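A.B. asks: File data_10.txt follows (compact mmCIF, C-alpha atoms):
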# COMPACT_ATOMS: atom_id res chain seq x y z
CA MET D 1 -78.78 268.77 134.15
CA ASP D 2 -80.85 266.74 136.58
CA ILE D 3 -77.77 264.68 137.44
CA GLU D 4 -75.72 267.77 138.19
CA ILE D 5 -78.40 269.00 140.56
CA LEU D 6 -78.58 265.66 142.34
CA GLU D 7 -74.81 265.66 142.74
CA GLY D 8 -75.16 269.08 144.29
CA ILE D 9 -77.66 267.74 146.81
CA TYR D 10 -75.41 264.82 147.68
CA ASP D 11 -72.34 267.08 148.01
CA ALA D 12 -74.16 269.49 150.31
CA ASN D 13 -75.38 266.56 152.40
CA GLU D 14 -71.89 265.09 152.58
CA LYS D 15 -70.46 268.40 153.82
CA ILE D 16 -73.00 268.67 156.64
CA ALA D 17 -72.55 264.98 157.46
CA ARG D 18 -68.81 265.62 157.97
CA GLU D 19 -69.63 268.53 160.31
CA ASN D 20 -72.02 266.32 162.31
CA GLU D 21 -69.36 263.61 162.48
CA ALA D 22 -66.79 266.08 163.81
CA LEU D 23 -69.22 267.46 166.41
CA LEU D 24 -70.09 263.98 167.62
CA ARG D 25 -66.43 262.94 167.78
CA GLU D 26 -65.45 266.07 169.77
CA ASN D 27 -68.12 265.12 172.29
CA GLY D 28 -67.07 261.47 172.45
CA VAL D 29 -70.41 260.28 171.09
CA VAL D 30 -70.66 257.09 169.00
CA ALA D 31 -73.59 257.47 166.58
CA MET D 32 -75.37 254.52 164.97
CA ASN D 33 -77.56 255.00 161.89
CA LEU D 34 -80.24 252.28 162.12
CA MET D 35 -81.97 251.43 158.86
CA ALA D 36 -84.56 248.85 157.76
CA SER D 37 -87.84 248.29 155.94
CA PRO D 38 -91.07 249.32 157.68
CA GLY D 39 -91.89 246.88 160.46
CA ALA D 40 -88.56 245.03 160.48
CA GLY D 41 -88.13 245.89 164.17
CA LYS D 42 -86.07 249.09 164.45
CA THR D 43 -87.96 250.45 167.45
CA SER D 44 -88.12 247.01 169.06
CA LEU D 45 -84.34 246.59 168.72
CA ILE D 46 -83.77 250.06 170.20
CA SER D 47 -86.09 249.24 173.09
CA ALA D 48 -84.37 245.90 173.78
CA THR D 49 -80.96 247.60 173.53
CA LEU D 50 -82.00 250.28 176.03
CA ASP D 51 -83.21 247.59 178.43
CA GLN D 52 -79.75 246.01 178.42
CA LEU D 53 -77.43 249.01 178.13
CA LYS D 54 -79.05 252.12 179.57
CA ASP D 55 -77.53 251.54 183.01
CA LYS D 56 -74.05 251.07 181.55
CA LEU D 57 -74.05 253.74 178.84
CA SER D 58 -75.64 257.14 178.46
CA ILE D 59 -77.85 256.75 175.38
CA GLY D 60 -79.93 259.18 173.33
CA VAL D 61 -82.25 258.47 170.39
CA ILE D 62 -83.24 260.43 167.30
CA GLU D 63 -86.49 259.05 165.84
CA GLY D 64 -86.98 259.66 162.14
CA ASP D 65 -90.49 259.23 160.73
CA ILE D 66 -92.39 260.63 157.79
CA ALA D 67 -95.27 261.44 160.11
CA SER D 68 -96.46 260.66 163.65
CA SER D 69 -94.55 260.18 166.90
CA VAL D 70 -95.67 256.56 167.41
CA ASP D 71 -92.08 255.33 167.86
CA ALA D 72 -90.96 258.13 170.16
CA GLU D 73 -93.99 257.40 172.36
CA LYS D 74 -92.95 253.74 172.58
CA LEU D 75 -89.54 254.77 173.97
CA LYS D 76 -90.93 257.23 176.53
CA SER D 77 -90.82 254.74 179.39
CA HIS D 78 -87.05 254.41 179.09
CA GLU D 79 -86.61 257.99 180.31
CA ILE D 80 -83.75 258.86 178.00
CA PRO D 81 -83.44 261.86 175.64
CA VAL D 82 -85.52 261.25 172.50
CA VAL D 83 -85.81 263.76 169.65
CA GLN D 84 -88.50 263.13 167.03
CA ILE D 85 -87.89 264.25 163.44
CA ASN D 86 -90.89 264.26 161.13
CA THR D 87 -89.60 264.43 157.57
CA GLY D 88 -92.96 265.64 156.24
CA GLY D 89 -93.04 263.18 153.37
CA ALA D 90 -89.33 262.66 152.73
CA CYS D 91 -88.32 259.02 152.47
CA HIS D 92 -85.03 259.25 154.40
CA LEU D 93 -83.21 261.31 156.99
CA ASP D 94 -80.49 263.68 155.76
CA ALA D 95 -77.53 265.32 157.45
CA LEU D 96 -79.24 268.70 157.85
CA MET D 97 -82.14 267.13 159.76
CA ILE D 98 -79.60 265.49 162.08
CA LYS D 99 -77.65 268.74 162.50
CA GLN D 100 -80.85 270.44 163.66
CA ALA D 101 -81.77 267.56 165.95
CA LEU D 102 -78.29 267.58 167.54
CA GLU D 103 -78.95 271.13 168.75
CA HIS D 104 -81.64 269.67 171.02
CA ILE D 105 -79.41 267.04 172.65
CA GLU D 106 -76.80 267.56 175.37
CA LEU D 107 -74.04 265.75 173.50
CA GLY D 108 -71.40 266.08 176.25
CA ALA D 109 -73.50 263.80 178.44
CA LEU D 110 -73.91 261.00 175.84
CA ASP D 111 -71.92 257.86 175.01
CA LEU D 112 -74.19 256.47 172.28
CA LEU D 113 -76.65 258.16 169.93
CA ILE D 114 -79.03 255.85 168.08
CA ILE D 115 -80.58 257.36 164.96
CA GLU D 116 -83.67 255.47 163.78
CA ASN D 117 -84.02 256.23 160.08
CA VAL D 118 -87.28 256.23 158.07
CA GLY D 119 -88.52 252.71 157.31
CA ASN D 120 -87.14 252.19 153.82
CA LEU D 121 -84.61 249.69 152.49
CA VAL D 122 -83.58 251.96 149.61
CA CYS D 123 -83.17 255.73 150.02
CA PRO D 124 -81.67 256.05 153.53
CA ALA D 125 -78.55 254.18 152.35
CA GLU D 126 -77.74 257.06 149.98
CA PHE D 127 -77.55 259.78 152.64
CA LYS D 128 -74.73 259.98 155.17
CA LEU D 129 -75.79 261.55 158.45
CA GLY D 130 -72.40 261.83 160.18
CA GLU D 131 -72.82 258.44 161.87
CA SER D 132 -69.92 256.37 163.25
CA PHE D 133 -71.36 253.20 161.75
CA ARG D 134 -74.44 251.79 160.03
CA THR D 135 -76.63 248.98 161.25
CA MET D 136 -79.43 247.52 159.17
CA ILE D 137 -82.15 245.11 160.20
CA LEU D 138 -83.69 242.47 157.97
CA SER D 139 -86.75 240.69 159.27
CA VAL D 140 -87.01 236.95 158.63
CA ALA D 141 -90.52 237.65 157.29
CA GLU D 142 -89.01 239.72 154.45
CA GLY D 143 -87.17 236.72 152.99
CA HIS D 144 -83.54 235.78 152.37
CA ASP D 145 -83.51 237.07 148.76
CA LYS D 146 -83.45 240.76 149.68
CA PRO D 147 -79.69 241.47 149.36
CA LEU D 148 -79.80 240.92 145.59
CA LYS D 149 -82.79 243.22 145.26
CA TYR D 150 -81.65 246.04 147.56
CA PRO D 151 -77.86 245.81 147.15
CA LEU D 152 -76.75 249.26 148.35
CA MET D 153 -78.18 248.87 151.85
CA PHE D 154 -76.53 245.48 152.33
CA SER D 155 -73.17 246.50 150.87
CA ASP D 156 -72.93 249.82 152.75
CA SER D 157 -73.95 248.61 156.22
CA ASP D 158 -71.38 247.67 158.88
CA VAL D 159 -73.77 245.46 160.81
CA LEU D 160 -76.75 243.32 159.79
CA VAL D 161 -79.20 242.31 162.51
CA VAL D 162 -81.51 239.55 161.31
CA ASN D 163 -84.62 239.97 163.46
CA LYS D 164 -87.73 237.80 164.05
CA THR D 165 -85.76 234.55 164.09
CA ASP D 166 -88.79 233.10 165.96
CA LEU D 167 -90.52 233.10 162.53
CA ILE D 168 -87.93 230.78 160.95
CA GLY D 169 -89.79 227.67 159.80
CA MET D 170 -93.02 229.61 159.15
CA GLY D 171 -91.91 230.35 155.58
CA ASP D 172 -89.03 229.43 153.27
CA PHE D 173 -86.38 231.66 154.88
CA GLU D 174 -82.85 230.20 154.60
CA MET D 175 -80.33 231.79 157.00
CA ALA D 176 -77.32 230.08 155.37
CA GLU D 177 -78.31 231.44 151.96
CA LEU D 178 -78.77 234.96 153.37
CA ARG D 179 -75.37 234.86 155.12
CA ASP D 180 -73.71 233.57 151.99
CA THR D 181 -75.17 236.27 149.72
CA VAL D 182 -74.50 239.12 152.15
CA THR D 183 -70.91 238.18 152.95
CA ARG D 184 -70.13 237.82 149.25
CA MET D 185 -71.38 241.41 148.75
CA ASN D 186 -69.85 242.76 151.95
CA PRO D 187 -67.16 240.51 153.48
CA ASP D 188 -66.61 242.74 156.56
CA ILE D 189 -70.24 242.94 157.68
CA VAL D 190 -70.97 241.74 161.23
CA ILE D 191 -74.15 239.64 161.42
CA PHE D 192 -76.36 238.99 164.46
CA GLU D 193 -79.42 236.74 164.58
CA VAL D 194 -82.00 237.91 167.11
CA SER D 195 -85.64 237.80 168.07
CA CYS D 196 -86.70 241.01 169.80
CA ARG D 197 -89.92 239.21 170.74
CA THR D 198 -88.35 236.23 172.57
CA GLY D 199 -85.01 237.88 173.45
CA ASP D 200 -83.01 235.19 171.63
CA GLY D 201 -79.60 236.37 170.46
CA LEU D 202 -79.88 239.86 171.95
CA PRO D 203 -76.97 239.54 174.46
CA ALA D 204 -74.45 238.94 171.64
CA TRP D 205 -75.70 242.12 169.96
CA THR D 206 -75.69 244.32 173.07
CA ASP D 207 -72.26 242.99 174.18
CA TRP D 208 -70.84 243.84 170.76
CA LEU D 209 -72.44 247.31 170.83
CA TYR D 210 -71.15 248.00 174.34
CA ASP D 211 -67.60 247.06 173.31
CA LYS D 212 -67.90 249.17 170.16
CA VAL D 213 -68.87 252.26 172.19
CA ARG D 214 -66.31 251.70 174.94
CA GLY D 215 -63.59 250.90 172.39
CA SER D 216 -64.34 254.14 170.57
CA THR D 217 -64.40 256.36 173.62
CA GLN D 218 -61.14 254.96 174.99
CA GLN D 219 -59.21 255.83 171.85
CA MET C 1 -85.33 276.41 143.57
CA ASP C 2 -85.17 272.73 144.55
CA ILE C 3 -88.94 272.67 144.98
CA GLU C 4 -89.53 274.14 141.51
CA ILE C 5 -87.36 271.44 139.98
CA LEU C 6 -89.17 268.69 141.86
CA GLU C 7 -92.51 270.08 140.68
CA GLY C 8 -91.12 269.92 137.16
CA ILE C 9 -90.27 266.25 137.62
CA TYR C 10 -93.73 265.48 138.98
CA ASP C 11 -95.44 267.40 136.15
CA ALA C 12 -93.40 265.60 133.49
CA ASN C 13 -94.21 262.27 135.12
CA GLU C 14 -97.91 263.12 135.31
CA LYS C 15 -98.00 263.97 131.60
CA ILE C 16 -96.44 260.64 130.59
CA ALA C 17 -98.67 258.80 133.05
CA ARG C 18 -101.73 260.24 131.30
CA GLU C 19 -100.35 259.06 127.94
CA ASN C 20 -99.81 255.56 129.35
CA GLU C 21 -103.32 255.58 130.78
CA ALA C 22 -104.81 256.54 127.40
CA LEU C 23 -102.79 253.87 125.58
CA LEU C 24 -103.89 251.19 128.05
CA ARG C 25 -107.53 252.30 127.84
CA GLU C 26 -107.52 252.25 124.02
CA ASN C 27 -106.31 248.67 124.20
CA GLY C 28 -108.87 247.64 126.83
CA VAL C 29 -106.16 246.85 129.38
CA VAL C 30 -106.79 247.27 133.12
CA ALA C 31 -103.47 248.11 134.82
CA MET C 32 -102.82 247.54 138.51
CA ASN C 33 -99.90 249.28 140.27
CA LEU C 34 -98.87 246.90 143.09
CA MET C 35 -96.88 248.49 145.91
CA ALA C 36 -95.52 247.29 149.26
CA SER C 37 -92.47 247.13 151.51
CA PRO C 38 -89.70 244.68 150.63
CA GLY C 39 -90.79 241.13 151.42
CA ALA C 40 -94.47 241.89 152.04
CA GLY C 41 -95.43 239.40 149.33
CA LYS C 42 -95.88 241.25 146.03
CA THR C 43 -94.45 238.47 143.87
CA SER C 44 -96.24 235.81 145.91
CA LEU C 45 -99.58 237.59 145.43
CA ILE C 46 -98.94 237.92 141.69
CA SER C 47 -98.06 234.25 141.49
CA ALA C 48 -101.19 233.21 143.41
CA THR C 49 -103.32 235.53 141.25
CA LEU C 50 -101.91 234.02 138.06
CA ASP C 51 -102.68 230.52 139.35
CA GLN C 52 -106.34 231.49 139.74
CA LEU C 53 -106.93 233.84 136.83
CA LYS C 54 -104.57 233.11 133.97
CA ASP C 55 -107.03 230.73 132.30
CA LYS C 56 -109.84 233.29 132.53
CA LEU C 57 -107.96 236.49 131.73
CA SER C 58 -105.00 237.35 129.54
CA ILE C 59 -102.46 238.77 132.01
CA GLY C 60 -99.05 240.43 131.63
CA VAL C 61 -96.61 241.55 134.31
CA ILE C 62 -94.07 244.36 134.54
CA GLU C 63 -91.51 243.62 137.27
CA GLY C 64 -89.83 246.66 138.82
CA ASP C 65 -86.65 246.10 140.78
CA ILE C 66 -83.62 248.20 141.64
CA ALA C 67 -81.41 245.32 140.56
CA SER C 68 -81.66 241.61 139.70
CA SER C 69 -84.36 239.63 137.93
CA VAL C 70 -85.13 237.37 140.92
CA ASP C 71 -88.85 238.14 140.76
CA ALA C 72 -89.20 237.79 136.99
CA GLU C 73 -87.50 234.37 137.25
CA LYS C 74 -90.07 233.31 139.86
CA LEU C 75 -92.89 234.06 137.41
CA LYS C 76 -91.31 232.25 134.44
CA SER C 77 -93.25 229.03 135.00
CA HIS C 78 -96.56 230.84 134.43
CA GLU C 79 -95.67 231.35 130.76
CA ILE C 80 -97.16 234.81 130.49
CA PRO C 81 -95.47 237.97 129.14
CA VAL C 82 -93.14 239.42 131.81
CA VAL C 83 -91.03 242.55 131.28
CA GLN C 84 -88.31 243.28 133.85
CA ILE C 85 -87.39 246.89 134.61
CA ASN C 86 -84.19 247.47 136.57
CA THR C 87 -84.28 251.00 137.92
CA GLY C 88 -80.51 251.07 138.49
CA GLY C 89 -80.77 252.47 142.00
CA ALA C 90 -84.02 254.43 141.79
CA CYS C 91 -86.43 253.74 144.64
CA HIS C 92 -89.66 253.69 142.59
CA LEU C 93 -91.01 253.14 139.09
CA ASP C 94 -91.97 256.21 137.09
CA ALA C 95 -94.24 256.74 134.09
CA LEU C 96 -91.38 256.92 131.58
CA MET C 97 -90.09 253.49 132.64
CA ILE C 98 -93.60 252.10 132.13
CA LYS C 99 -93.96 253.83 128.74
CA GLN C 100 -90.76 252.10 127.59
CA ALA C 101 -91.85 248.74 129.03
CA LEU C 102 -95.25 249.00 127.28
CA GLU C 103 -93.44 249.03 123.92
CA HIS C 104 -92.36 245.44 124.65
CA ILE C 105 -95.86 244.13 125.40
CA GLU C 106 -98.61 243.24 122.90
CA LEU C 107 -101.27 245.31 124.60
CA GLY C 108 -104.12 244.35 122.27
CA ALA C 109 -103.90 240.79 123.55
CA LEU C 110 -104.08 241.68 127.28
CA ASP C 111 -106.94 242.07 129.75
CA LEU C 112 -104.91 242.81 132.86
CA LEU C 113 -101.43 244.28 133.33
CA ILE C 114 -99.92 243.88 136.79
CA ILE C 115 -97.08 246.30 137.56
CA GLU C 116 -94.96 245.22 140.53
CA ASN C 117 -93.34 248.37 141.89
CA VAL C 118 -90.01 248.58 143.77
CA GLY C 119 -90.29 247.35 147.37
CA ASN C 120 -90.79 250.61 149.23
CA LEU C 121 -93.71 251.90 151.28
CA VAL C 122 -92.84 255.55 150.64
CA CYS C 123 -91.64 256.79 147.24
CA PRO C 124 -93.72 254.69 144.78
CA ALA C 125 -96.91 256.35 146.10
CA GLU C 126 -95.73 259.70 144.73
CA PHE C 127 -95.39 258.61 141.10
CA LYS C 128 -98.38 257.85 138.90
CA LEU C 129 -97.66 255.29 136.21
CA GLY C 130 -100.90 255.46 134.22
CA GLU C 131 -102.47 252.66 136.24
CA SER C 132 -106.23 252.03 136.45
CA PHE C 133 -105.99 251.44 140.19
CA ARG C 134 -103.51 250.99 143.03
CA THR C 135 -103.19 247.98 145.27
CA MET C 136 -100.88 247.91 148.28
CA ILE C 137 -99.88 244.97 150.43
CA LEU C 138 -99.12 245.14 154.14
CA SER C 139 -97.61 242.06 155.73
CA VAL C 140 -98.88 241.10 159.19
CA ALA C 141 -95.20 240.91 160.23
CA GLU C 142 -94.86 244.66 159.60
CA GLY C 143 -97.35 245.57 162.32
CA HIS C 144 -100.72 247.31 162.46
CA ASP C 145 -99.24 250.76 163.23
CA LYS C 146 -97.90 251.38 159.72
CA PRO C 147 -100.74 253.56 158.31
CA LEU C 148 -99.89 256.39 160.72
CA LYS C 149 -96.23 256.22 159.79
CA TYR C 150 -96.57 255.88 156.01
CA PRO C 151 -99.81 257.80 155.42
CA LEU C 152 -99.57 258.58 151.69
CA MET C 153 -99.41 254.94 150.60
CA PHE C 154 -102.47 254.02 152.69
CA SER C 155 -104.51 257.07 151.74
CA ASP C 156 -103.76 256.86 147.99
CA SER C 157 -104.33 253.13 147.47
CA ASP C 158 -107.64 251.75 146.20
CA VAL C 159 -107.08 248.29 147.65
CA LEU C 160 -105.19 247.02 150.71
CA VAL C 161 -104.26 243.35 150.77
CA VAL C 162 -103.17 242.29 154.26
CA ASN C 163 -100.86 239.32 153.63
CA LYS C 164 -99.31 236.66 155.90
CA THR C 165 -102.43 236.28 158.04
CA ASP C 166 -100.96 232.90 159.06
CA LEU C 167 -98.59 234.93 161.28
CA ILE C 168 -101.42 236.49 163.30
CA GLY C 169 -100.88 235.49 166.91
CA MET C 170 -97.09 235.30 166.52
CA GLY C 171 -96.77 238.98 167.45
CA ASP C 172 -99.03 241.81 168.63
CA PHE C 173 -100.75 242.48 165.29
CA GLU C 174 -104.35 243.72 165.69
CA MET C 175 -106.45 243.45 162.51
CA ALA C 176 -109.35 245.49 163.95
CA GLU C 177 -107.00 248.35 164.84
CA LEU C 178 -105.45 248.28 161.36
CA ARG C 179 -108.87 248.32 159.67
CA ASP C 180 -110.04 251.13 161.90
CA THR C 181 -107.00 253.33 161.21
CA VAL C 182 -106.96 252.69 157.48
CA THR C 183 -110.68 253.26 156.91
CA ARG C 184 -110.52 256.50 158.88
CA MET C 185 -107.74 257.72 156.52
CA ASN C 186 -109.29 256.25 153.37
CA PRO C 187 -113.00 255.36 153.73
CA ASP C 188 -113.31 253.91 150.19
CA ILE C 189 -110.41 251.49 150.40
CA VAL C 190 -111.23 247.80 149.77
CA ILE C 191 -109.47 245.47 152.21
CA PHE C 192 -108.65 241.78 151.75
CA GLU C 193 -107.05 239.49 154.34
CA VAL C 194 -104.99 236.72 152.76
CA SER C 195 -102.16 234.30 153.31
CA CYS C 196 -100.31 233.60 150.08
CA ARG C 197 -98.56 230.75 151.91
CA THR C 198 -101.71 228.85 153.00
CA GLY C 199 -104.07 230.22 150.33
CA ASP C 200 -106.50 231.58 152.93
CA GLY C 201 -108.58 234.48 151.68
CA LEU C 202 -107.23 234.41 148.13
CA PRO C 203 -110.51 233.53 146.35
CA ALA C 204 -112.19 236.72 147.63
CA TRP C 205 -109.28 238.74 146.21
CA THR C 206 -109.17 237.01 142.82
CA ASP C 207 -112.97 237.12 142.45
CA TRP C 208 -112.91 240.85 143.13
CA LEU C 209 -110.05 241.38 140.67
CA TYR C 210 -111.78 239.33 137.97
CA ASP C 211 -114.96 241.39 138.36
CA LYS C 212 -112.93 244.60 138.30
CA VAL C 213 -111.28 243.67 135.00
CA ARG C 214 -114.47 242.33 133.39
CA GLY C 215 -116.47 245.32 134.62
CA SER C 216 -113.94 247.68 133.08
CA THR C 217 -113.72 245.99 129.73
CA GLN C 218 -117.50 245.74 129.31
CA GLN C 219 -117.97 249.49 129.69
Show me the file's structure as structure tokens.
C.D. replies:
Amino acid sequence: MDIEILEGIYDANEKIARENEALLRENGVVAMNLMASPGAGKTSLISATLDQLKDKLSIGVIEGDIASSVDAEKLKSHEIPVVQINTGGACHLDALMIKQALEHIELGALDLLIIENVGNLVCPAEFKLGESFRTMILSVAEGHDKPLKYPLMFSDSDVLVVNKTDLIGMGDFEMAELRDTVTRMNPDIVIFEVSCRTGDGLPAWTDWLYDKVRGSTQQ
Amino acid sequence: MDIEILEGIYDANEKIARENEALLRENGVVAMNLMASPGAGKTSLISATLDQLKDKLSIGVIEGDIASSVDAEKLKSHEIPVVQINTGGACHLDALMIKQALEHIELGALDLLIIENVGNLVCPAEFKLGESFRTMILSVAEGHDKPLKYPLMFSDSDVLVVNKTDLIGMGDFEMAELRDTVTRMNPDIVIFEVSCRTGDGLPAWTDWLYDKVRGSTQQ
């Protein structure tokens, strides 16, 4: 009985996610669902990405948080459209929340929509939002053993950004072991190694993202 | 309709949690529910705690993970009873999982049961397990702004262990700001600052925990 109800929730979410996807595609918007644990660097990566790409692409952000608008405030200085969703306790964004947020964004004017999900390495992976692709961040401080413990996030993401590479050497983090485990679970995943604090590795990420958006809109 | 069903789930969980609590109390076992984001240092804190206290207290561990037994393996060398729960996708432990795990532990022989929850700063806070008290860990690498963004975990925990203090100065983490925010939300919370890597601050934590267990069992 419980399982049937949960399937119902997932089905309803899937239907709305497909509607969001269609709406975004009609408007030529590439949407990235950005997921990670709390404090892995989602807002920092968005901020660094805006610094590099906001003159070349028209970018909007949806900020998902359980409570507060701390992250939206951090992005204010970039002067781009930011919509804050407060989930009111819920541990992930869902397609209906995104559908409602999209009503507040002028989609025709956008190339790229970045959706910052709630900080959680588990639940967000289960809910499609209508995104074009999924990027997850793992912070070096979290350790290289996380793919085995949180498999869905690592196997369902299109891109893995390993952030805080400036902390390598401060603990026992092994990049080769992480790469090996993740690519065994998800052979097609694209991996970037960056430090949002020092800027290391960011150009490779923003170049890839730019090409992804331009490639999509030229189709 | 959805809300009614969720209330049903919470009520059923609460009932089993009370049964677990009674069973633990009858056996003179103090149970700690340990919660944190992925990679904040739950297993490291357990390991450091066992190093200090396993000759003074009889300790058992329940390891909660979505998948894998990586953490249970890490604790093998301590030669204490460890029960691994794999939630099979679920983002938190619940009281029924603990009830089943308790059947595999000789409770009469234990002073302290440490329950390592799934790595998640959101959902575990909503599910009582029958624990005597709740400890959460925040890693310095996660940032001092997390209480505002994940309020339930910080307001419902009895103890906050701030781990990875050896990383202070590598980013913009402000301990005073964290303490200020957390104590405003939860004036009774007990805060420890530790580095499981260097050992800094651990004696204050293990002394407190020892007194907590001994105080409880002498009542």
A.B. asks: Hey, which bits of chain C sit within 7 Å of chain D, and for each residue what's the closest pair of atoms and how far apart in Å (one decimal), counting all atoms listed in the file, rows by chain and increasing number, as CSV?
C.D. replies:
residue,atom,partner,partner_atom,distance
C:Ser37,CA,D:Ser37,CA,6.5
C:Pro38,CA,D:Glu142,CA,6.3
C:Gly39,CA,D:Glu142,CA,3.8
C:Ala40,CA,D:Glu142,CA,6.4
C:Asp65,CA,D:Lys149,CA,6.6
C:Ile66,CA,D:Lys149,CA,6.2
C:Ala67,CA,D:Lys149,CA,5.3
C:Ser68,CA,D:Lys149,CA,5.9
C:Cys91,CA,D:Val122,CA,6.0
C:Asn120,CA,D:Asn120,CA,6.1
C:Val122,CA,D:Cys91,CA,6.0
C:Cys123,CA,D:Cys91,CA,6.6
C:Ala141,CA,D:Ala141,CA,6.4
C:Glu142,CA,D:Gly39,CA,3.8
C:Gly143,CA,D:Gly39,CA,5.9
C:Leu148,CA,D:Ser68,CA,6.2
C:Lys149,CA,D:Ala67,CA,5.3
C:Tyr150,CA,D:Ile66,CA,6.6
A.B. asks: Could you tell me how far atom CA of D:Leu96 lies from atom CA of D:Ile16, in Å and to one decimal?
C.D. replies: 6.4 Å
A.B. asks: Take atom CA of C:Thr43 and atom CA of C:Met97 and report the distance between them in Å, one decimal.
C.D. replies: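 These atoms are spaced 19.3 Å apart.
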A.B. asks: Would you mind listing what lies within 10 Å of C:Asp200 as a PyMOL selection string, with all atoms listed in the file counted and same-chain residues fewer than 4 positions away left out?
C.D. replies: chain C and resi 163-166+193-196+204
A.B. asks: Please determine, counting all atoms listed in the file, which residue among D:Thr135, D:Thr49, D:Ser58, D:Thr87 has the shortest atom-to-atom distance to D:Ala109.
C.D. replies: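 Among the listed residues, the smallest separation from D:Ala109 belongs to D:Ser58.
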A.B. asks: Counting all atoms listed in the file, which residue out of C:Val29, C:Ile46, C:Val190, C:Ala22 sits closest to C:Glu63?
C.D. replies: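 Going through C:Val29, C:Ile46, C:Val190, C:Ala22 one by one, the smallest distance to C:Glu63 is for C:Ile46.
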A.B. asks: Neighbouring residues of D:Asn13 were defined as those with any atom within 12 Å, considering all atoms listed in the file; residues of the same chain fewer than 4 positions away were excluded. Please report them as a ChimeraX atom specification.
C.D. replies: /D:6-9,17-20,93-99,126-130
A.B. asks: Point out the residue among C:Ser216, C:Thr206, C:Ser77, C:Gln84 with the least atom-to-atom distance to C:Val161, counting only C-alpha atoms.
C.D. replies: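 So, comparing all the options, the nearest one is C:Thr206.
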A.B. asks: Which residues, written as a ChimeraX atom specification, have at least one atom at most 12 Å from D:Thr183, with all atoms listed in the file counted and residues fewer than 4 positions away on the same chain left out?
C.D. replies: /D:147-148,151,154-160,176-179,187-191
A.B. asks: Some atoms are absent from stretch 103-107 of chain C, so rebuild all heavy atoms and return them as an mmCIF file, keeping the file's coordinate frame.
C.D. replies:
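File part-v2.cif, as written:
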data_model
loop_
_atom_site.group_PDB
_atom_site.id
_atom_site.type_symbol
_atom_site.label_atom_id
_atom_site.label_comp_id
_atom_site.auth_asym_id
_atom_site.auth_seq_id
_atom_site.Cartn_x
_atom_site.Cartn_y
_atom_site.Cartn_z
ATOM 1 N N GLU C 103 -93.830 249.278 125.324
ATOM 2 C CA GLU C 103 -93.440 249.030 123.920
ATOM 3 C C GLU C 103 -93.063 247.563 123.685
ATOM 4 O O GLU C 103 -93.014 247.107 122.562
ATOM 5 C CB GLU C 103 -92.269 249.948 123.529
ATOM 6 C CG GLU C 103 -92.690 251.408 123.455
ATOM 7 C CD GLU C 103 -91.506 252.372 123.380
ATOM 8 O OE1 GLU C 103 -90.362 251.900 123.207
ATOM 9 O OE2 GLU C 103 -91.742 253.588 123.500
ATOM 10 N N HIS C 104 -92.771 246.850 124.773
ATOM 11 C CA HIS C 104 -92.360 245.440 124.650
ATOM 12 C C HIS C 104 -93.506 244.463 124.914
ATOM 13 O O HIS C 104 -93.273 243.278 125.047
ATOM 14 C CB HIS C 104 -91.203 245.149 125.617
ATOM 15 C CG HIS C 104 -89.980 245.955 125.330
ATOM 16 N ND1 HIS C 104 -88.994 245.517 124.479
ATOM 17 C CD2 HIS C 104 -89.599 247.194 125.745
ATOM 18 C CE1 HIS C 104 -88.054 246.441 124.400
ATOM 19 N NE2 HIS C 104 -88.389 247.470 125.158
ATOM 20 N N ILE C 105 -94.732 244.992 125.064
ATOM 21 C CA ILE C 105 -95.860 244.130 125.400
ATOM 22 C C ILE C 105 -96.943 244.276 124.316
ATOM 23 O O ILE C 105 -97.225 245.405 123.885
ATOM 24 C CB ILE C 105 -96.455 244.517 126.777
ATOM 25 C CG1 ILE C 105 -95.400 244.336 127.871
ATOM 26 C CG2 ILE C 105 -97.689 243.676 127.096
ATOM 27 C CD1 ILE C 105 -95.841 244.839 129.231
ATOM 28 N N GLU C 106 -97.535 243.188 123.905
ATOM 29 C CA GLU C 106 -98.610 243.240 122.900
ATOM 30 C C GLU C 106 -99.908 243.576 123.631
ATOM 31 O O GLU C 106 -100.636 242.690 124.109
ATOM 32 C CB GLU C 106 -98.713 241.867 122.227
ATOM 33 C CG GLU C 106 -99.250 241.960 120.808
ATOM 34 C CD GLU C 106 -99.546 240.574 120.263
ATOM 35 O OE1 GLU C 106 -98.712 239.667 120.456
ATOM 36 O OE2 GLU C 106 -100.644 240.415 119.687
ATOM 37 N N LEU C 107 -100.178 244.857 123.737
ATOM 38 C CA LEU C 107 -101.270 245.310 124.600
ATOM 39 C C LEU C 107 -102.648 244.828 124.126
ATOM 40 O O LEU C 107 -103.526 244.525 124.938
ATOM 41 C CB LEU C 107 -101.270 246.835 124.703
ATOM 42 C CG LEU C 107 -100.059 247.416 125.458
ATOM 43 C CD1 LEU C 107 -100.112 248.937 125.426
ATOM 44 C CD2 LEU C 107 -100.019 246.910 126.888
#
